[in-house]
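To start, the structure itself, in structure tokens.
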Amino acid sequence: MCGSKISFGVKAPRSMGERIRRILIEMGALDRGKRIRSDGSHIYIPVLESINSDLLKGIADVEIVRMEFEEDRRRVTVEEILGRKPSFETIGDIAVVEDEEPERVADAIMAVHRGIRTVLAPVSDVEGEFRLRRYRYVAGEKKTLTVHREHGIRYMVDLERAYFSPRLGTERLRVAEQVRPGDTVVDMFAGVGPFSLLMAKRGARVIAIDKNPYAVKLLRENARMNRLDVEVREGDAAALTEDLADQADHVVMNLPHSASIFLSEAIRTAKSGGVVHYYTFAPEDDLYRDAKTIEEKARELGCEASILYRGIVRSYAPRIYNVVIDFMVKKDASTSQNGI
């Protein structure tokens with residue numbers, strides 16, 4: 001084993017790994033310079049040579065061993081502490097845990113991730129007009145407001161008052177990379193601005209719309225904080241795009257529960273040759289069923305929708321996926337002049 005040497009450790013059942021590690025920390029016995037090892041049934045935790053072995057023998061369910069431990073050039077992972085992979089995501093300095101043992105996972109997260117100040121557990125699905133979740137406090141500071149960094153931009157996010165998902169970070173970058181300086185972008189459901197600000201950073205003229213007043217407040221603050229110019233509109237996207245017919249090079253429709261309701265407005269807003277980025281939820285056996293709906297709606301409006309890209313963004317529920325369909329709107333001269 002490269003970079004390892006024989007030293008003392010304790011052997012414990014994997015199910016006891018987290019508790020034993022915490023006891024060793026409290027005793028001042030954990031050797032943080034070496035990496036914890038594990039196999040199918042046991043975890044092996046390195047301890048300092050200076051610790052009295054009689055003290056270690058007093059810990060229930062452990063056996064003192066002498067074995068090779070690799071020097072730790074990285075931190076112990078949450079998975080190593082728990083002996084399994086828990087479900088959690090981080091947003092700024094808040095961890096959101098979806099696990100049957102949230103308190104146990106919270107302890108492991110805060111031990112490994114020094115930047116995490118708060119651990120929350122959701123007590124509802126995304127719900128309501130503003131797509132919000134309710135949470136319960138698990139550990140750390142009692143708060144839901146944080147600053148999240150993504151692709152060089154800082155976002156103020158309040159998890160209970162404005163929708164935000166870090167799992168869309170790669171997708172946001174994929175879309176932003178299609179934007180050229182001077183393009184006009186209409187973000188119909190902007191939230192706190194993760195699509196809008198990234199596109200503004202690339203030199204686009206961005207019109208960001210959202211119906212949630214608190215999300216709009218944070219969006220304005222995020223634009224100011226990042227010194228980016230974004231036109232922010234508060235209200236319903238259907239009404240607030242009426243003056244934008246045939247203007248957009250890109251239209252973002254990140255409202256997967258009900259984006260289809262706003263397809264007419266999105267198609268009208270796009271210029272001929274403009275691209276609409278449409279998000280929805282779909283079952284595993286018919287992921288891109290909305291492509292037909294898109295093409296039919298375009299024909300109703302006297303234009304054409306050409307599908308450019310179809311992709312899975314993330315899993316959402318068992319056998320249900322969040323998918324994206326990019327399509328180009330093609331309009332003839334009379335259709336464009338009439339604003340469809």
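The way I read the labels, and the way they are meant: chains A, B, ... in the order of the structure tokens, residue 1 as the first residue of every chain, and ligand 1 as the first ligand shown, with later ones counted on from there.
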
*asked:* Report as a list in words all protein, DNA and RNA residues lying within 7 Å of Lys211 in chain A, evaluated on only C-alpha atoms, omitting residues in the same chain fewer than 6 positions from it.
replied: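 Listing them by chain and then by number gives Glu234, Gly235 and Asp236 of chain A.
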
*Identify, on the basis of only C-alpha atoms, every residue whose closest approach to range 149-160 of chain A does not exceed 9 Å; exclude the query and any residue fewer than 4 positions from it along the same chain; express the result as a ChimeraX atom specification.*
/A:91-92,132-135,143-145,164,166,169,173,192-194,197-198,201,214-215,218-219,221-223,225-226

Please dump the current selection as an mmCIF file, in the first residue's frame; keep N, CA, C and O atoms.
data_model
loop_
_atom_site.group_PDB
_atom_site.id
_atom_site.type_symbol
_atom_site.label_atom_id
_atom_site.label_comp_id
_atom_site.auth_asym_id
_atom_site.auth_seq_id
_atom_site.Cartn_x
_atom_site.Cartn_y
_atom_site.Cartn_z
ATOM 1 N N ILE A 91 -26.286 23.116 -0.592
ATOM 2 C CA ILE A 91 -26.618 24.396 -1.201
ATOM 3 C C ILE A 91 -25.967 25.451 -0.326
ATOM 4 O O ILE A 91 -26.399 25.676 0.816
ATOM 5 N N GLY A 92 -24.908 26.067 -0.819
ATOM 6 C CA GLY A 92 -24.150 26.986 0.013
ATOM 7 C C GLY A 92 -23.606 26.261 1.223
ATOM 8 O O GLY A 92 -22.979 25.206 1.101
ATOM 9 N N LEU A 132 -42.257 25.329 -3.731
ATOM 10 C CA LEU A 132 -41.464 25.391 -2.511
ATOM 11 C C LEU A 132 -41.540 24.082 -1.736
ATOM 12 O O LEU A 132 -42.447 23.278 -1.926
ATOM 13 N N ARG A 133 -40.554 23.880 -0.842
ATOM 14 C CA ARG A 133 -40.558 22.734 0.068
ATOM 15 C C ARG A 133 -40.500 23.245 1.502
ATOM 16 O O ARG A 133 -39.956 24.323 1.770
ATOM 17 N N ARG A 134 -41.042 22.455 2.406
ATOM 18 C CA ARG A 134 -40.923 22.743 3.826
ATOM 19 C C ARG A 134 -39.847 21.836 4.435
ATOM 20 O O ARG A 134 -39.674 20.694 3.994
ATOM 21 N N TYR A 135 -39.118 22.350 5.418
ATOM 22 C CA TYR A 135 -37.985 21.623 6.003
ATOM 23 C C TYR A 135 -38.097 21.617 7.522
ATOM 24 O O TYR A 135 -38.752 22.465 8.119
ATOM 25 N N LYS A 143 -31.428 28.042 10.161
ATOM 26 C CA LYS A 143 -31.608 29.009 9.070
ATOM 27 C C LYS A 143 -31.956 28.275 7.788
ATOM 28 O O LYS A 143 -31.723 27.064 7.653
ATOM 29 N N THR A 144 -32.517 29.005 6.824
ATOM 30 C CA THR A 144 -32.763 28.470 5.489
ATOM 31 C C THR A 144 -32.154 29.366 4.408
ATOM 32 O O THR A 144 -32.214 29.041 3.225
ATOM 33 N N LEU A 145 -31.577 30.498 4.800
ATOM 34 C CA LEU A 145 -30.955 31.435 3.866
ATOM 35 C C LEU A 145 -29.460 31.154 3.772
ATOM 36 O O LEU A 145 -28.777 30.995 4.790
ATOM 37 N N PHE A 164 -34.851 26.438 -5.669
ATOM 38 C CA PHE A 164 -33.497 26.345 -6.226
ATOM 39 C C PHE A 164 -33.040 24.904 -6.117
ATOM 40 O O PHE A 164 -33.218 24.258 -5.092
ATOM 41 N N PRO A 166 -29.454 22.662 -6.864
ATOM 42 C CA PRO A 166 -28.069 22.605 -7.340
ATOM 43 C C PRO A 166 -27.849 21.507 -8.370
ATOM 44 O O PRO A 166 -26.860 21.525 -9.086
ATOM 45 N N GLY A 169 -27.079 22.412 -12.087
ATOM 46 C CA GLY A 169 -25.913 23.232 -12.409
ATOM 47 C C GLY A 169 -25.288 22.897 -13.749
ATOM 48 O O GLY A 169 -24.947 23.797 -14.539
ATOM 49 N N LEU A 173 -25.218 25.284 -17.308
ATOM 50 C CA LEU A 173 -24.014 25.597 -18.071
ATOM 51 C C LEU A 173 -24.159 25.166 -19.521
ATOM 52 O O LEU A 173 -23.729 25.885 -20.428
ATOM 53 N N VAL A 192 -34.400 32.635 -8.455
ATOM 54 C CA VAL A 192 -33.381 33.559 -7.947
ATOM 55 C C VAL A 192 -32.318 33.881 -8.998
ATOM 56 O O VAL A 192 -31.365 34.598 -8.710
ATOM 57 N N GLY A 193 -32.475 33.330 -10.220
ATOM 58 C CA GLY A 193 -31.636 33.756 -11.331
ATOM 59 C C GLY A 193 -30.519 32.845 -11.802
ATOM 60 O O GLY A 193 -29.627 33.322 -12.505
ATOM 61 N N PRO A 194 -30.512 31.538 -11.506
ATOM 62 C CA PRO A 194 -29.351 30.735 -11.908
ATOM 63 C C PRO A 194 -29.150 30.606 -13.414
ATOM 64 O O PRO A 194 -28.008 30.562 -13.878
ATOM 65 N N LEU A 197 -28.532 34.825 -14.679
ATOM 66 C CA LEU A 197 -27.260 35.484 -14.390
ATOM 67 C C LEU A 197 -26.101 34.845 -15.147
ATOM 68 O O LEU A 197 -25.172 35.534 -15.563
ATOM 69 N N LEU A 198 -26.164 33.542 -15.329
ATOM 70 C CA LEU A 198 -25.105 32.874 -16.082
ATOM 71 C C LEU A 198 -25.103 33.330 -17.543
ATOM 72 O O LEU A 198 -24.049 33.520 -18.154
ATOM 73 N N LYS A 201 -23.829 36.902 -17.731
ATOM 74 C CA LYS A 201 -22.369 36.896 -17.617
ATOM 75 C C LYS A 201 -21.701 36.658 -18.966
ATOM 76 O O LYS A 201 -20.580 37.108 -19.211
ATOM 77 N N TYR A 214 -40.688 37.018 -3.377
ATOM 78 C CA TYR A 214 -39.443 36.852 -2.620
ATOM 79 C C TYR A 214 -38.319 36.368 -3.529
ATOM 80 O O TYR A 214 -37.174 36.803 -3.390
ATOM 81 N N ALA A 215 -38.639 35.495 -4.487
ATOM 82 C CA ALA A 215 -37.635 35.070 -5.458
ATOM 83 C C ALA A 215 -37.147 36.259 -6.277
ATOM 84 O O ALA A 215 -35.951 36.398 -6.555
ATOM 85 N N LEU A 218 -34.691 38.307 -4.269
ATOM 86 C CA LEU A 218 -33.364 37.696 -4.257
ATOM 87 C C LEU A 218 -32.698 37.789 -5.626
ATOM 88 O O LEU A 218 -31.487 37.995 -5.718
ATOM 89 N N LEU A 219 -33.472 37.653 -6.680
ATOM 90 C CA LEU A 219 -32.932 37.785 -8.039
ATOM 91 C C LEU A 219 -32.310 39.161 -8.242
ATOM 92 O O LEU A 219 -31.189 39.280 -8.768
ATOM 93 N N GLU A 221 -31.211 41.153 -5.920
ATOM 94 C CA GLU A 221 -30.031 41.236 -5.056
ATOM 95 C C GLU A 221 -28.871 40.444 -5.656
ATOM 96 O O GLU A 221 -27.715 40.882 -5.612
ATOM 97 N N ASN A 222 -29.159 39.299 -6.252
ATOM 98 C CA ASN A 222 -28.102 38.487 -6.859
ATOM 99 C C ASN A 222 -27.484 39.176 -8.071
ATOM 100 O O ASN A 222 -26.267 39.110 -8.288
ATOM 101 N N ALA A 223 -28.313 39.852 -8.864
ATOM 102 C CA ALA A 223 -27.786 40.605 -9.999
ATOM 103 C C ALA A 223 -26.872 41.727 -9.508
ATOM 104 O O ALA A 223 -25.781 41.945 -10.053
ATOM 105 N N MET A 225 -25.288 41.878 -6.567
ATOM 106 C CA MET A 225 -24.129 41.308 -5.894
ATOM 107 C C MET A 225 -23.066 40.846 -6.889
ATOM 108 O O MET A 225 -21.868 40.941 -6.635
ATOM 109 N N ASN A 226 -23.523 40.367 -8.065
ATOM 110 C CA ASN A 226 -22.588 39.874 -9.077
ATOM 111 C C ASN A 226 -22.289 40.913 -10.169
ATOM 112 O O ASN A 226 -21.597 40.616 -11.135
#

*Take CA of Lys330 in chain A and CA of Ala298 in chain A and report the distance between them in Å, one decimal.*
8.9 Å

_Minimum-distance residue to Ser50 in chain A, chosen among A:Val147, A:Ala237, A:Val123, A:Ala29 (using only C-alpha atoms)_ =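 Of all the options, A:Ala29 lies closest to Ser50 in chain A.
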
*Could you pull out all residues of range 11-225 of chain A with a DSSP call of helix (DSSP H, G or I) and give them as a ChimeraX atom specification?*
/A:14-27,53-57,78-82,102-112,166-176,194-201,213-225

*asked:* Excluding Leu287 in chain A and its own-chain neighbours fewer than 2 positions away, which residues fall within 12 Å of it when counting only C-alpha atoms? Please give them as a PyMOL selection string.
replied: chain A and resi 279-285+289-292+310-315+319-325

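Near range 73-90 of chain A, within a cut-off of 6 Å and counting only C-alpha atoms, sit the residues Arg14, Gly17, Glu18, Ile94, Ala95, Val96, Val97, Glu98, Asp99, Ala108 and Ile109 of chain A, with same-chain residues fewer than 4 positions away left out.
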
Got time to write the residues from that selection, all heavy atoms, as an mmCIF file, in the first residue's frame?
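Result saved to part_33.cif:
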data_model
loop_
_atom_site.group_PDB
_atom_site.id
_atom_site.type_symbol
_atom_site.label_atom_id
_atom_site.label_comp_id
_atom_site.auth_asym_id
_atom_site.auth_seq_id
_atom_site.Cartn_x
_atom_site.Cartn_y
_atom_site.Cartn_z
ATOM 1 N N ARG A 14 -19.026 -2.327 10.885
ATOM 2 C CA ARG A 14 -19.308 -1.134 10.067
ATOM 3 C C ARG A 14 -20.488 -0.351 10.621
ATOM 4 O O ARG A 14 -20.520 0.875 10.578
ATOM 5 C CB ARG A 14 -19.587 -1.534 8.624
ATOM 6 C CG ARG A 14 -18.346 -1.962 7.868
ATOM 7 C CD ARG A 14 -18.675 -2.184 6.399
ATOM 8 N NE ARG A 14 -19.048 -0.933 5.763
ATOM 9 C CZ ARG A 14 -18.515 -0.485 4.627
ATOM 10 N NH1 ARG A 14 -17.562 -1.180 4.033
ATOM 11 N NH2 ARG A 14 -18.915 0.638 4.106
ATOM 12 N N GLY A 17 -19.372 2.149 13.064
ATOM 13 C CA GLY A 17 -18.242 2.977 12.664
ATOM 14 C C GLY A 17 -18.345 4.427 13.077
ATOM 15 O O GLY A 17 -17.400 5.010 13.620
ATOM 16 N N GLU A 18 -19.505 5.031 12.839
ATOM 17 C CA GLU A 18 -19.658 6.459 13.159
ATOM 18 C C GLU A 18 -19.550 6.688 14.667
ATOM 19 O O GLU A 18 -18.866 7.622 15.119
ATOM 20 C CB GLU A 18 -21.005 6.970 12.656
ATOM 21 C CG GLU A 18 -21.232 8.437 12.986
ATOM 22 C CD GLU A 18 -22.705 8.798 13.005
ATOM 23 O OE1 GLU A 18 -23.534 7.914 12.715
ATOM 24 O OE2 GLU A 18 -23.016 9.940 13.357
ATOM 25 N N ILE A 94 -25.527 24.963 3.552
ATOM 26 C CA ILE A 94 -26.625 24.143 4.068
ATOM 27 C C ILE A 94 -26.607 22.783 3.372
ATOM 28 O O ILE A 94 -26.481 22.705 2.144
ATOM 29 C CB ILE A 94 -27.987 24.813 3.841
ATOM 30 C CG1 ILE A 94 -28.068 26.137 4.619
ATOM 31 C CG2 ILE A 94 -29.132 23.896 4.248
ATOM 32 C CD1 ILE A 94 -29.349 26.919 4.372
ATOM 33 N N ALA A 95 -26.724 21.713 4.145
ATOM 34 C CA ALA A 95 -26.891 20.371 3.589
ATOM 35 C C ALA A 95 -28.348 19.958 3.762
ATOM 36 O O ALA A 95 -28.928 20.134 4.843
ATOM 37 C CB ALA A 95 -25.975 19.376 4.284
ATOM 38 N N VAL A 96 -28.938 19.428 2.700
ATOM 39 C CA VAL A 96 -30.312 18.937 2.744
ATOM 40 C C VAL A 96 -30.255 17.419 2.668
ATOM 41 O O VAL A 96 -29.785 16.854 1.673
ATOM 42 C CB VAL A 96 -31.147 19.508 1.585
ATOM 43 C CG1 VAL A 96 -32.556 18.921 1.606
ATOM 44 C CG2 VAL A 96 -31.215 21.035 1.674
ATOM 45 N N VAL A 97 -30.722 16.764 3.728
ATOM 46 C CA VAL A 97 -30.608 15.313 3.866
ATOM 47 C C VAL A 97 -31.955 14.649 3.627
ATOM 48 O O VAL A 97 -32.960 15.013 4.250
ATOM 49 C CB VAL A 97 -30.103 14.934 5.283
ATOM 50 C CG1 VAL A 97 -30.115 13.430 5.481
ATOM 51 C CG2 VAL A 97 -28.708 15.493 5.503
ATOM 52 N N GLU A 98 -31.979 13.695 2.702
ATOM 53 C CA GLU A 98 -33.162 12.864 2.494
ATOM 54 C C GLU A 98 -32.760 11.436 2.816
ATOM 55 O O GLU A 98 -32.268 10.709 1.957
ATOM 56 C CB GLU A 98 -33.681 13.018 1.061
ATOM 57 C CG GLU A 98 -34.128 14.434 0.741
ATOM 58 C CD GLU A 98 -34.875 14.546 -0.572
ATOM 59 O OE1 GLU A 98 -35.931 13.885 -0.711
ATOM 60 O OE2 GLU A 98 -34.399 15.272 -1.450
ATOM 61 N N ASP A 99 -32.934 11.042 4.059
ATOM 62 C CA ASP A 99 -32.423 9.772 4.548
ATOM 63 C C ASP A 99 -33.276 9.331 5.737
ATOM 64 O O ASP A 99 -33.878 10.160 6.416
ATOM 65 C CB ASP A 99 -30.953 9.941 4.975
ATOM 66 C CG ASP A 99 -30.260 8.618 5.235
ATOM 67 O OD1 ASP A 99 -30.365 8.100 6.363
ATOM 68 O OD2 ASP A 99 -29.612 8.109 4.306
ATOM 69 N N ALA A 108 -22.276 13.050 10.497
ATOM 70 C CA ALA A 108 -21.179 12.689 9.598
ATOM 71 C C ALA A 108 -20.842 13.826 8.641
ATOM 72 O O ALA A 108 -19.677 14.133 8.395
ATOM 73 C CB ALA A 108 -21.546 11.425 8.811
ATOM 74 N N ILE A 109 -21.871 14.482 8.115
ATOM 75 C CA ILE A 109 -21.644 15.592 7.185
ATOM 76 C C ILE A 109 -20.875 16.712 7.868
ATOM 77 O O ILE A 109 -19.898 17.242 7.318
ATOM 78 C CB ILE A 109 -22.992 16.126 6.648
ATOM 79 C CG1 ILE A 109 -23.629 15.118 5.698
ATOM 80 C CG2 ILE A 109 -22.789 17.468 5.930
ATOM 81 C CD1 ILE A 109 -25.053 15.468 5.310
#

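The nearest approach to Leu255 in chain A among the residues A:Ala139, A:Leu301, A:Val126, A:Met67, with only C-alpha atoms taken into account, belongs to A:Val126.
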
*List every residue of range 57-195 of chain A that DSSP, applied to the backbone of this structure, places in strand (DSSP E), and write the result as an NGL selection string.*
:A and (63-70 or 88-91 or 94-97 or 118-122 or 135-140 or 145-150 or 153-158 or 184-187)

*Can you tell me how far CA of Arg114 in chain A sits from CA of Ile36 in chain A, in Å to one decimal?*
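Here the two named atoms are 18.2 Å from each other.
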
_Between CA of Val276 in chain A and CA of His250 in chain A - distance in Å to one decimal_ =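 Atom-to-atom, CA of His250 in chain A and CA of Val276 in chain A are spaced 5.7 Å apart.
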